[in-house]
>>> print(open('data.txt').read())   # compact mmCIF, C-alpha atoms
# COMPACT_ATOMS: atom_id res chain seq x y z
CA MET A 41 6.83 170.32 107.39
CA ILE A 42 10.31 170.04 108.94
CA LEU A 43 10.97 167.20 111.36
CA ARG A 44 13.72 167.75 113.94
CA TYR A 45 15.58 164.72 115.26
CA ASN A 46 17.61 164.56 118.42
CA LEU A 47 20.30 162.10 117.33
CA GLN A 48 21.57 161.84 120.91
CA PHE A 49 18.35 159.96 121.69
CA PHE A 50 19.69 157.04 119.66
CA ALA A 51 22.98 156.87 121.59
CA LYS A 52 23.78 153.60 123.29
CA ASP A 53 23.20 154.80 126.83
CA GLY A 54 20.56 157.47 126.33
CA PRO A 55 20.80 161.25 126.65
CA GLY A 56 24.05 161.13 128.60
CA GLY A 57 25.86 159.45 125.71
CA GLU A 58 27.79 156.22 125.66
CA LYS A 59 29.57 155.19 128.85
CA THR A 60 33.14 154.93 127.60
CA GLU A 61 35.14 156.61 130.40
CA PRO A 62 36.57 154.79 133.45
CA ALA A 63 34.89 155.66 136.74
CA THR A 64 36.42 158.51 138.71
CA ASP A 65 37.70 158.07 142.25
CA LYS A 66 34.72 160.03 143.56
CA LYS A 67 32.20 157.74 141.86
CA LEU A 68 34.00 154.67 143.19
CA ARG A 69 33.99 156.15 146.72
CA ASP A 70 30.29 156.97 146.47
CA ALA A 71 29.54 153.47 145.18
CA ARG A 72 31.51 152.01 148.07
CA LYS A 73 29.42 154.02 150.56
CA GLU A 74 26.28 152.61 148.93
CA GLY A 75 27.63 149.07 149.34
CA GLN A 76 28.33 148.60 145.61
CA VAL A 77 31.56 146.60 145.32
CA ALA A 78 33.05 143.91 143.09
CA LYS A 79 32.52 140.81 145.19
CA SER A 80 31.76 137.15 144.53
CA LYS A 81 29.61 135.31 147.05
CA GLU A 82 30.92 132.05 145.62
CA ILE A 83 34.46 132.71 146.88
CA GLY A 84 33.39 132.96 150.53
CA ASN A 85 30.99 130.02 150.23
CA ALA A 86 33.61 127.82 148.52
CA PHE A 87 36.44 128.46 150.97
CA GLY A 88 34.05 128.22 153.91
CA LEU A 89 32.78 124.88 152.64
CA LEU A 90 36.29 123.56 152.01
CA THR A 91 37.44 124.61 155.47
CA LEU A 92 34.35 123.02 156.99
CA PHE A 93 35.07 119.64 155.41
CA ILE A 94 38.78 119.78 156.24
CA VAL A 95 38.03 120.53 159.88
CA LEU A 96 35.43 117.76 159.89
CA LYS A 97 38.00 115.31 158.51
CA LEU A 98 40.33 116.15 161.40
CA TYR A 99 37.55 116.39 163.99
CA VAL A 100 35.06 113.79 162.83
CA ALA A 101 36.39 110.95 165.03
CA SER A 102 36.26 113.07 168.16
CA MET A 103 32.90 114.53 167.15
CA GLY A 104 31.49 111.06 166.45
CA ASN A 105 32.56 109.83 169.89
CA SER A 106 30.96 112.89 171.46
CA PHE A 107 27.67 112.24 169.65
CA MET A 108 27.76 108.60 170.75
CA GLU A 109 28.26 109.67 174.35
CA VAL A 110 25.29 112.05 174.06
CA PHE A 111 23.02 109.30 172.69
CA TYR A 112 24.31 106.85 175.29
CA GLY A 113 23.51 109.37 177.99
CA ILE A 114 19.94 109.72 176.67
CA TYR A 115 19.31 105.97 176.67
CA THR A 116 20.69 105.57 180.19
CA GLN A 117 18.33 108.31 181.43
CA ILE A 118 15.18 106.70 180.00
CA PRO A 119 14.72 104.05 182.78
CA ASP A 120 15.16 106.69 185.47
CA LEU A 121 12.52 108.86 183.80
CA ILE A 122 9.99 106.03 183.39
CA LYS A 123 10.17 104.39 186.87
CA PRO A 124 8.61 107.19 188.97
CA TYR A 125 5.62 107.45 186.64
CA GLY A 126 4.80 103.78 186.08
CA GLY A 127 5.95 103.59 182.45
CA GLY A 128 4.86 107.07 181.33
CA VAL A 129 7.14 110.05 180.81
CA PRO A 130 5.91 113.57 181.55
CA VAL A 131 6.22 116.20 178.81
CA ALA A 132 8.35 118.46 181.03
CA SER A 133 10.95 115.72 181.46
CA ILE A 134 11.07 115.03 177.73
CA GLN A 135 11.51 118.76 177.04
CA THR A 136 14.34 119.00 179.57
CA VAL A 137 16.16 116.04 178.01
CA PHE A 138 15.63 117.43 174.51
CA ASN A 139 16.98 120.86 175.50
CA ASN A 140 20.04 119.30 177.06
CA VAL A 141 20.69 117.19 173.95
CA VAL A 142 20.37 120.19 171.63
CA LEU A 143 22.72 122.25 173.81
CA GLU A 144 25.34 119.48 173.90
CA MET A 145 25.16 119.01 170.12
CA ILE A 146 25.59 122.74 169.56
CA VAL A 147 28.66 122.72 171.80
CA ILE A 148 30.09 119.77 169.84
CA MET A 149 29.47 121.38 166.42
CA ALA A 150 30.27 124.99 167.43
CA PRO A 151 34.02 124.87 166.59
CA VAL A 152 33.32 123.54 163.09
CA LEU A 153 30.60 126.12 162.37
CA LEU A 154 32.58 129.03 163.81
CA ILE A 155 35.64 128.21 161.71
CA GLY A 156 33.49 128.03 158.57
CA VAL A 157 31.89 131.43 159.32
CA LEU A 158 35.30 132.95 160.12
CA VAL A 159 36.80 131.77 156.82
CA ALA A 160 33.82 133.12 154.85
CA PHE A 161 34.20 136.48 156.65
CA ILE A 162 37.94 136.61 155.89
CA CYS A 163 37.24 135.89 152.20
CA ASP A 164 34.76 138.78 152.03
CA VAL A 165 37.20 141.18 153.72
CA ALA A 166 40.00 140.03 151.38
CA GLN A 167 37.83 140.90 148.38
CA VAL A 168 36.51 144.32 149.42
CA LYS A 169 38.63 145.31 152.46
CA TRP A 170 37.18 146.36 155.82
CA ARG A 171 34.97 149.37 155.21
CA PRO A 172 31.56 148.59 156.72
CA THR A 173 28.53 150.64 155.69
CA GLY A 174 24.90 150.46 156.76
CA LYS A 175 23.40 152.10 153.66
CA PRO A 176 22.51 148.82 151.89
CA LEU A 177 20.34 147.96 154.91
CA GLN A 178 18.36 151.20 154.72
CA PRO A 179 14.83 150.72 153.29
CA LYS A 180 14.30 152.14 149.80
CA LEU A 181 10.96 152.46 148.04
CA SER A 182 12.69 151.85 144.70
CA LYS A 183 13.35 148.26 145.80
CA LEU A 184 9.59 147.70 145.94
CA ASN A 185 9.11 148.77 142.33
CA PRO A 186 7.54 145.71 140.58
CA LEU A 187 8.69 146.95 137.15
CA LYS A 188 12.34 146.94 138.23
CA GLY A 189 11.89 143.50 139.78
CA PHE A 190 10.38 142.22 136.54
CA LYS A 191 13.30 143.63 134.54
CA LYS A 192 15.79 141.92 136.84
CA ILE A 193 14.16 138.55 136.18
CA PHE A 194 14.91 138.85 132.46
CA SER A 195 18.18 140.77 132.74
CA LYS A 196 21.67 139.77 131.65
CA GLU A 197 22.66 139.30 135.30
CA SER A 198 19.82 136.82 135.88
CA LEU A 199 20.89 134.87 132.80
CA MET A 200 24.48 134.71 134.09
CA GLU A 201 23.25 133.52 137.49
CA LEU A 202 21.17 130.82 135.81
CA ILE A 203 24.14 129.64 133.73
CA LYS A 204 26.35 129.69 136.83
CA SER A 205 23.81 127.61 138.78
CA PHE A 206 23.58 124.99 136.01
CA LEU A 207 27.38 124.93 135.81
CA LYS A 208 27.70 124.37 139.55
CA ILE A 209 25.06 121.63 139.62
CA GLY A 210 26.55 119.88 136.59
CA LEU A 211 30.10 119.92 137.96
CA ILE A 212 28.99 118.79 141.41
CA ILE A 213 27.01 115.89 139.94
CA TYR A 214 29.97 114.89 137.78
CA VAL A 215 32.44 115.04 140.69
CA ALA A 216 30.07 113.12 142.97
CA TYR A 217 29.47 110.43 140.36
CA SER A 218 33.19 110.11 139.54
CA TYR A 219 34.02 109.65 143.21
CA LEU A 220 31.16 107.38 144.27
CA LYS A 221 31.02 105.06 141.27
CA ASP A 222 33.92 103.02 142.68
CA LYS A 223 32.72 103.24 146.31
CA TYR A 224 29.25 101.69 146.02
CA HIS A 225 30.46 98.38 147.52
CA TYR A 226 31.08 100.19 150.83
CA ILE A 227 27.33 100.65 151.18
CA PHE A 228 26.81 96.88 151.41
CA LEU A 229 29.36 96.72 154.23
CA LEU A 230 27.15 98.89 156.42
CA TYR A 231 24.90 95.88 157.18
CA ASP A 232 27.80 93.82 158.52
CA ILE A 233 29.81 96.29 160.61
CA PRO A 234 29.05 97.91 163.99
CA LEU A 235 27.19 101.22 164.20
CA LYS A 236 30.25 103.22 165.20
CA GLN A 237 32.27 101.97 162.26
CA SER A 238 29.32 102.62 159.94
CA ILE A 239 29.13 106.23 161.08
CA LEU A 240 32.88 106.69 160.58
CA LEU A 241 32.71 105.11 157.11
CA ILE A 242 29.81 107.28 156.00
CA GLY A 243 31.50 110.34 157.48
CA GLU A 244 34.72 109.60 155.61
CA LEU A 245 32.88 109.18 152.29
CA VAL A 246 30.86 112.37 152.76
CA ILE A 247 33.87 114.43 153.85
CA ASP A 248 36.14 113.25 151.02
CA LEU A 249 33.38 113.99 148.53
CA GLY A 250 32.75 117.38 150.15
CA ILE A 251 36.43 118.32 149.82
CA ARG A 252 36.41 117.49 146.10
CA VAL A 253 33.18 119.41 145.53
CA SER A 254 34.58 122.38 147.47
CA ALA A 255 37.72 122.41 145.30
CA ILE A 256 35.55 122.61 142.17
CA TYR A 257 33.45 125.25 143.88
CA ILE A 258 36.59 127.35 144.51
CA ILE A 259 37.44 127.29 140.80
CA ILE A 260 33.90 128.43 140.02
CA GLY A 261 34.25 131.15 142.67
CA ILE A 262 37.52 132.47 141.19
CA ILE A 263 35.96 132.62 137.71
CA ASP A 264 32.91 134.36 139.16
CA PHE A 265 35.10 136.87 141.02
CA ALA A 266 36.92 137.76 137.77
CA TYR A 267 33.54 138.21 136.08
CA GLN A 268 32.21 140.37 138.93
CA LYS A 269 35.30 142.61 138.76
CA HIS A 270 34.82 143.05 135.02
CA LYS A 271 31.08 143.65 135.39
CA PHE A 272 31.58 146.20 138.17
CA LYS A 273 34.17 148.07 136.10
CA GLU A 274 31.78 148.20 133.14
CA ASP A 275 28.80 149.23 135.29
CA MET A 276 30.81 152.04 136.87
CA LYS A 277 31.87 153.55 133.55
CA MET A 278 30.75 157.12 132.96
CA THR A 279 29.82 159.29 130.01
CA LYS A 280 31.91 162.35 129.18
CA GLN A 281 28.98 164.50 130.26
CA GLU A 282 28.84 162.79 133.68
CA ILE A 283 32.55 163.49 134.18
CA ARG A 284 32.04 167.15 133.25
CA ASP A 285 29.06 167.44 135.60
CA GLU A 286 31.04 165.81 138.43
CA TYR A 287 33.92 168.22 137.86
CA LYS A 288 31.50 171.14 138.00
CA ASP A 289 30.02 169.86 141.26
CA GLN A 290 33.46 169.47 142.84
CA GLU A 291 35.33 172.42 141.40
CA GLY A 292 32.49 174.69 140.35
CA ASP A 293 31.57 175.83 136.85
CA PRO A 294 34.80 177.01 135.12
CA LYS A 295 32.95 179.93 133.52
CA ILE A 296 31.58 181.09 136.87
CA LYS A 297 34.96 180.65 138.55
CA GLY A 298 36.61 182.61 135.72
CA LYS A 299 34.14 185.46 136.22
CA GLN A 300 34.74 185.38 139.97
CA ARG A 301 38.51 185.61 139.45
CA GLN A 302 38.01 188.45 137.02
CA ARG A 303 35.85 190.35 139.52
CA MET A 304 38.45 189.78 142.24
CA ARG A 305 41.20 191.12 139.96
CA GLU A 306 39.10 194.16 139.12
CA ALA A 307 38.38 194.82 142.82
CA SER A 308 42.08 194.43 143.62
CA GLN A 309 43.03 196.84 140.84
CA ARG A 310 40.50 199.40 142.07
CA ARG A 311 41.97 199.24 145.60
CA MET A 312 45.45 199.50 144.13
CA MET A 313 44.57 202.57 142.07
CA GLN A 314 42.94 204.20 145.11
CA GLN A 315 46.18 203.76 147.08
CA LEU A 316 48.40 204.90 144.22
CA PRO A 317 48.22 208.70 145.04
CA GLN A 318 50.08 207.92 148.32
CA ALA A 319 53.16 206.69 146.40
CA ASP A 320 56.45 208.60 146.35
CA VAL A 321 57.66 207.45 142.92
CA VAL A 322 56.67 205.28 139.93
CA ILE A 323 59.52 203.28 138.43
CA THR A 324 58.96 202.36 134.75
CA ASN A 325 60.39 200.17 131.98
CA PRO A 326 59.34 202.73 130.46
CA THR A 327 56.52 201.31 128.29
CA HIS A 328 55.89 197.76 129.53
CA TYR A 329 56.10 197.91 133.35
CA ALA A 330 55.27 200.43 136.06
CA VAL A 331 55.79 199.96 139.82
CA ALA A 332 54.70 202.53 142.44
CA ILE A 333 56.87 202.76 145.57
CA LYS A 334 56.25 204.46 148.91
CA TYR A 335 58.58 204.77 151.88
CA ASP A 336 57.30 205.79 155.30
CA PRO A 337 59.88 205.00 158.02
CA ASP A 338 57.25 205.52 160.72
CA LYS A 339 55.07 202.69 159.33
CA TYR A 340 57.37 200.43 157.36
CA GLU A 341 60.89 199.20 157.91
CA ALA A 342 61.46 199.20 154.13
CA PRO A 343 59.89 200.73 151.00
CA ILE A 344 56.58 199.13 150.01
CA VAL A 345 55.04 198.44 146.58
CA MET A 346 51.75 200.35 146.36
CA ALA A 347 50.82 199.33 142.79
CA LYS A 348 52.24 197.60 139.75
CA GLY A 349 51.07 196.82 136.25
CA GLU A 350 52.02 195.73 132.76
CA ASP A 351 51.25 197.35 129.39
CA TYR A 352 47.76 198.90 129.60
CA LEU A 353 47.67 198.90 133.41
CA ALA A 354 51.20 200.32 133.49
CA GLN A 355 50.00 203.23 131.35
CA LYS A 356 47.05 203.82 133.70
CA ILE A 357 49.44 203.90 136.69
CA LYS A 358 51.58 206.51 134.92
CA ASP A 359 48.48 208.59 134.04
CA VAL A 360 47.33 208.62 137.68
CA ALA A 361 50.88 209.45 138.79
CA LYS A 362 50.90 212.47 136.48
CA GLU A 363 47.52 213.64 137.77
CA HIS A 364 48.82 213.58 141.36
CA HIS A 365 52.28 214.96 140.51
CA ILE A 366 54.08 211.76 141.46
CA GLU A 367 57.59 211.49 140.00
CA ILE A 368 58.04 208.91 137.23
CA VAL A 369 61.56 207.52 137.00
CA GLU A 370 62.77 205.28 134.17
CA ASN A 371 64.87 202.34 135.36
CA LYS A 372 64.36 199.28 133.16
CA PRO A 373 66.22 196.60 135.20
CA LEU A 374 64.76 197.75 138.52
CA ALA A 375 61.22 197.98 137.12
CA ARG A 376 61.44 194.43 135.76
CA MET A 377 62.90 193.07 139.02
CA LEU A 378 60.24 194.73 141.18
CA TYR A 379 57.38 193.67 138.91
CA ALA A 380 58.53 190.04 138.77
CA ASN A 381 59.49 189.54 142.43
CA VAL A 382 57.39 191.81 144.66
CA ASP A 383 53.57 191.72 144.97
CA VAL A 384 51.38 194.71 145.79
CA GLY A 385 51.48 195.40 149.54
CA GLU A 386 54.85 193.66 150.05
CA LEU A 387 58.07 195.26 151.24
CA VAL A 388 61.00 195.60 148.87
CA PRO A 389 63.46 192.71 149.49
CA PRO A 390 66.89 193.55 150.96
CA GLU A 391 68.74 192.80 147.71
CA LEU A 392 66.90 195.71 146.05
CA TYR A 393 67.31 198.21 148.93
CA GLN A 394 70.27 199.97 147.35
CA ALA A 395 68.68 200.45 143.92
CA VAL A 396 65.36 201.65 145.36
CA ALA A 397 67.12 203.95 147.85
CA GLU A 398 68.99 205.65 145.01
CA VAL A 399 65.71 206.29 143.16
CA LEU A 400 64.02 207.63 146.32
CA ALA A 401 67.02 209.85 147.06
CA PHE A 402 66.81 211.26 143.55
CA VAL A 403 63.06 211.96 143.96
CA TYR A 404 63.52 213.55 147.39
CA HIS A 405 66.25 215.77 145.95
CA LEU A 406 63.91 216.94 143.17
CA LYS A 407 61.18 217.74 145.69
CA GLY A 408 63.57 219.41 148.07
CA LYS A 409 63.14 216.75 150.80
CA THR A 410 66.07 215.96 153.08
>>> encode(input="data.txt", output="structure tokens")
Amino acid sequence: MILRYNLQFFAKDGPGGEKTEPATDKKLRDARKEGQVAKSKEIGNAFGLLTLFIVLKLYVASMGNSFMEVFYGIYTQIPDLIKPYGGGVPVASIQTVFNNVVLEMIVIMAPVLLIGVLVAFICDVAQVKWRPTGKPLQPKLSKLNPLKGFKKIFSKESLMELIKSFLKIGLIIYVAYSYLKDKYHYIFLLYDIPLKQSILLIGELVIDLGIRVSAIYIIIGIIDFAYQKHKFKEDMKMTKQEIRDEYKDQEGDPKIKGKQRQRMREASQRRMMQQLPQADVVITNPTHYAVAIKYDPDKYEAPIVMAKGEDYLAQKIKDVAKEHHIEIVENKPLARMLYANVDVGELVPPELYQAVAEVLAFVYHLKGKT
């Protein structure tokens, strides 16, 4: 018994072969349309977080005063709410006060949040440029495949994400400990200083720590972005067969296109040979080239090339010319010039008028034409 093995089955990337070729422009464009790009979420998060803490550092005093005014306003409203109801406060009044407080706090925090979102957006655009697509939002049944989801859990990408998470947590803990280990005595001061100063002190500690953590986060983001670029480049690689298939899809099968060109040449030659009996003269090399010329002053302002050919086709043109009693004139330089510079159906160029006119005059003289 003979066993047949398909060795391609054992190739690294399956039947298509090993993916060793860089991605083509078309594949990169198609991937872009599908929302597949080399992008690190950590970059946007890191710069957004850093900007947030920097803005807070500049804005925290003003924001703290605003919050204090909001709370002061609440406390001053309480007696006015209680008096009409003999010590009780209706739910509607509480809800109104709560809504007003939430609205005022949103207005106070809005500039900080908007700047953070804007920076994150700019970071994303800087990484992948502005080419929005809605395809990633389209529902796909393949995303609901539990087998694919299970594979993702134990994939190389999941392992890298796990390592990255541990790295981030470890660095953040280290930075926080390094910063706070010499600041613990400030915590005991909170019992002895006014509320406003306590808030400012806590805010300063949190913001300074946040800026340091964000700086570390940016370094992690840059490393992650380099990794994502490398990973995307590797994922987009193609097999030689994929490149050939893509070329066929874009340009058509070379064999089919070759056959089409051959059929077009054959059809053109048939039309040319059908028009050949109308020619006045065939100018030859004499063995390599043959060019058929016709001059009809009522139709054309100059002589026109009816047919031309080289070697075998030149011989066929001469055979047809003999069958239809068309004069064959040997003129090597003129035959070469006409063959090389004038296509079938084109008029003879002015620089060849004189030479062609002499040949036509000779032919007309032989046929007794004036």
>>> atom_distance(input="data.txt", atom1="CA of Val253 in chain A", atom2="CA of Val215 in chain A")
6.6 Å
>>> closest_residue(input="data.txt", among="A:Glu201, A:Glu74, A:Glu367, A:Glu244", to="Asp264 in chain A", atoms="all atoms listed in the file")
A:Glu201
>>> atom_distance(input="data.txt", atom1="CA of Ala255 in chain A", atom2="CA of Leu90 in chain A")
7.0 Å
>>> residues_around(input="data.txt", residues="Ala160 in chain A", least_positions_apart="5", cutoff="7 Å", atoms="all atoms listed in the file", output="PDB file with C-alpha atoms, in the coordinates of the input")
ATOM      1  CA  GLY A  84      33.390 132.960 150.530  1.00  0.00           C
ATOM      2  CA  ASN A  85      30.990 130.020 150.230  1.00  0.00           C
ATOM      3  CA  PHE A  87      36.440 128.460 150.970  1.00  0.00           C
ATOM      4  CA  GLY A  88      34.050 128.220 153.910  1.00  0.00           C
TER       5      GLY A  88
END
>>> residues_around(input="data.txt", residues="Ala319 in chain A", least_positions_apart="5", cutoff="9 Å", atoms="only C-alpha atoms", output="list in words")
Ala332, Ile333, Lys334, Tyr335, Val345, Met346, Ala347, Ala361 and Ile366 of chain A
>>> residues_around(input="data.txt", residues="Lys67 in chain A", least_positions_apart="6", cutoff="10 Å", atoms="all atoms listed in the file", output="VMD selection string")
chain A and resid 73 276 to 278 283 286
>>> axis_aligned_box(input="data.txt", around="range 222-232 of chain A", padding_each_side="4 Å", output="lines of an AutoDock Vina configuration file")
center_x = 29.4
center_y = 98.5
center_z = 150.6
size_x = 17.0
size_y = 17.4
size_z = 23.8
>>> closest_residue(input="data.txt", among="A:Pro337, A:Gly261, A:Gly113, A:Gly250", to="Lys79 in chain A", atoms="only C-alpha atoms")
A:Gly261
>>> atom_distance(input="data.txt", atom1="CA of Leu92 in chain A", atom2="CA of Ile155 in chain A")
7.1 Å
>>> residues_near_point(input="data.txt", point="(28.5, 107.9, 167.9)", cutoff="10 Å", atoms="all atoms listed in the file", output="PyMOL selection string")
chain A and resi 101-112+235-240
>>> residues_near_point(input="data.txt", point="(38.9, 139.8, 152.5)", cutoff="12 Å", atoms="all atoms listed in the file", output="count of residues only")
21
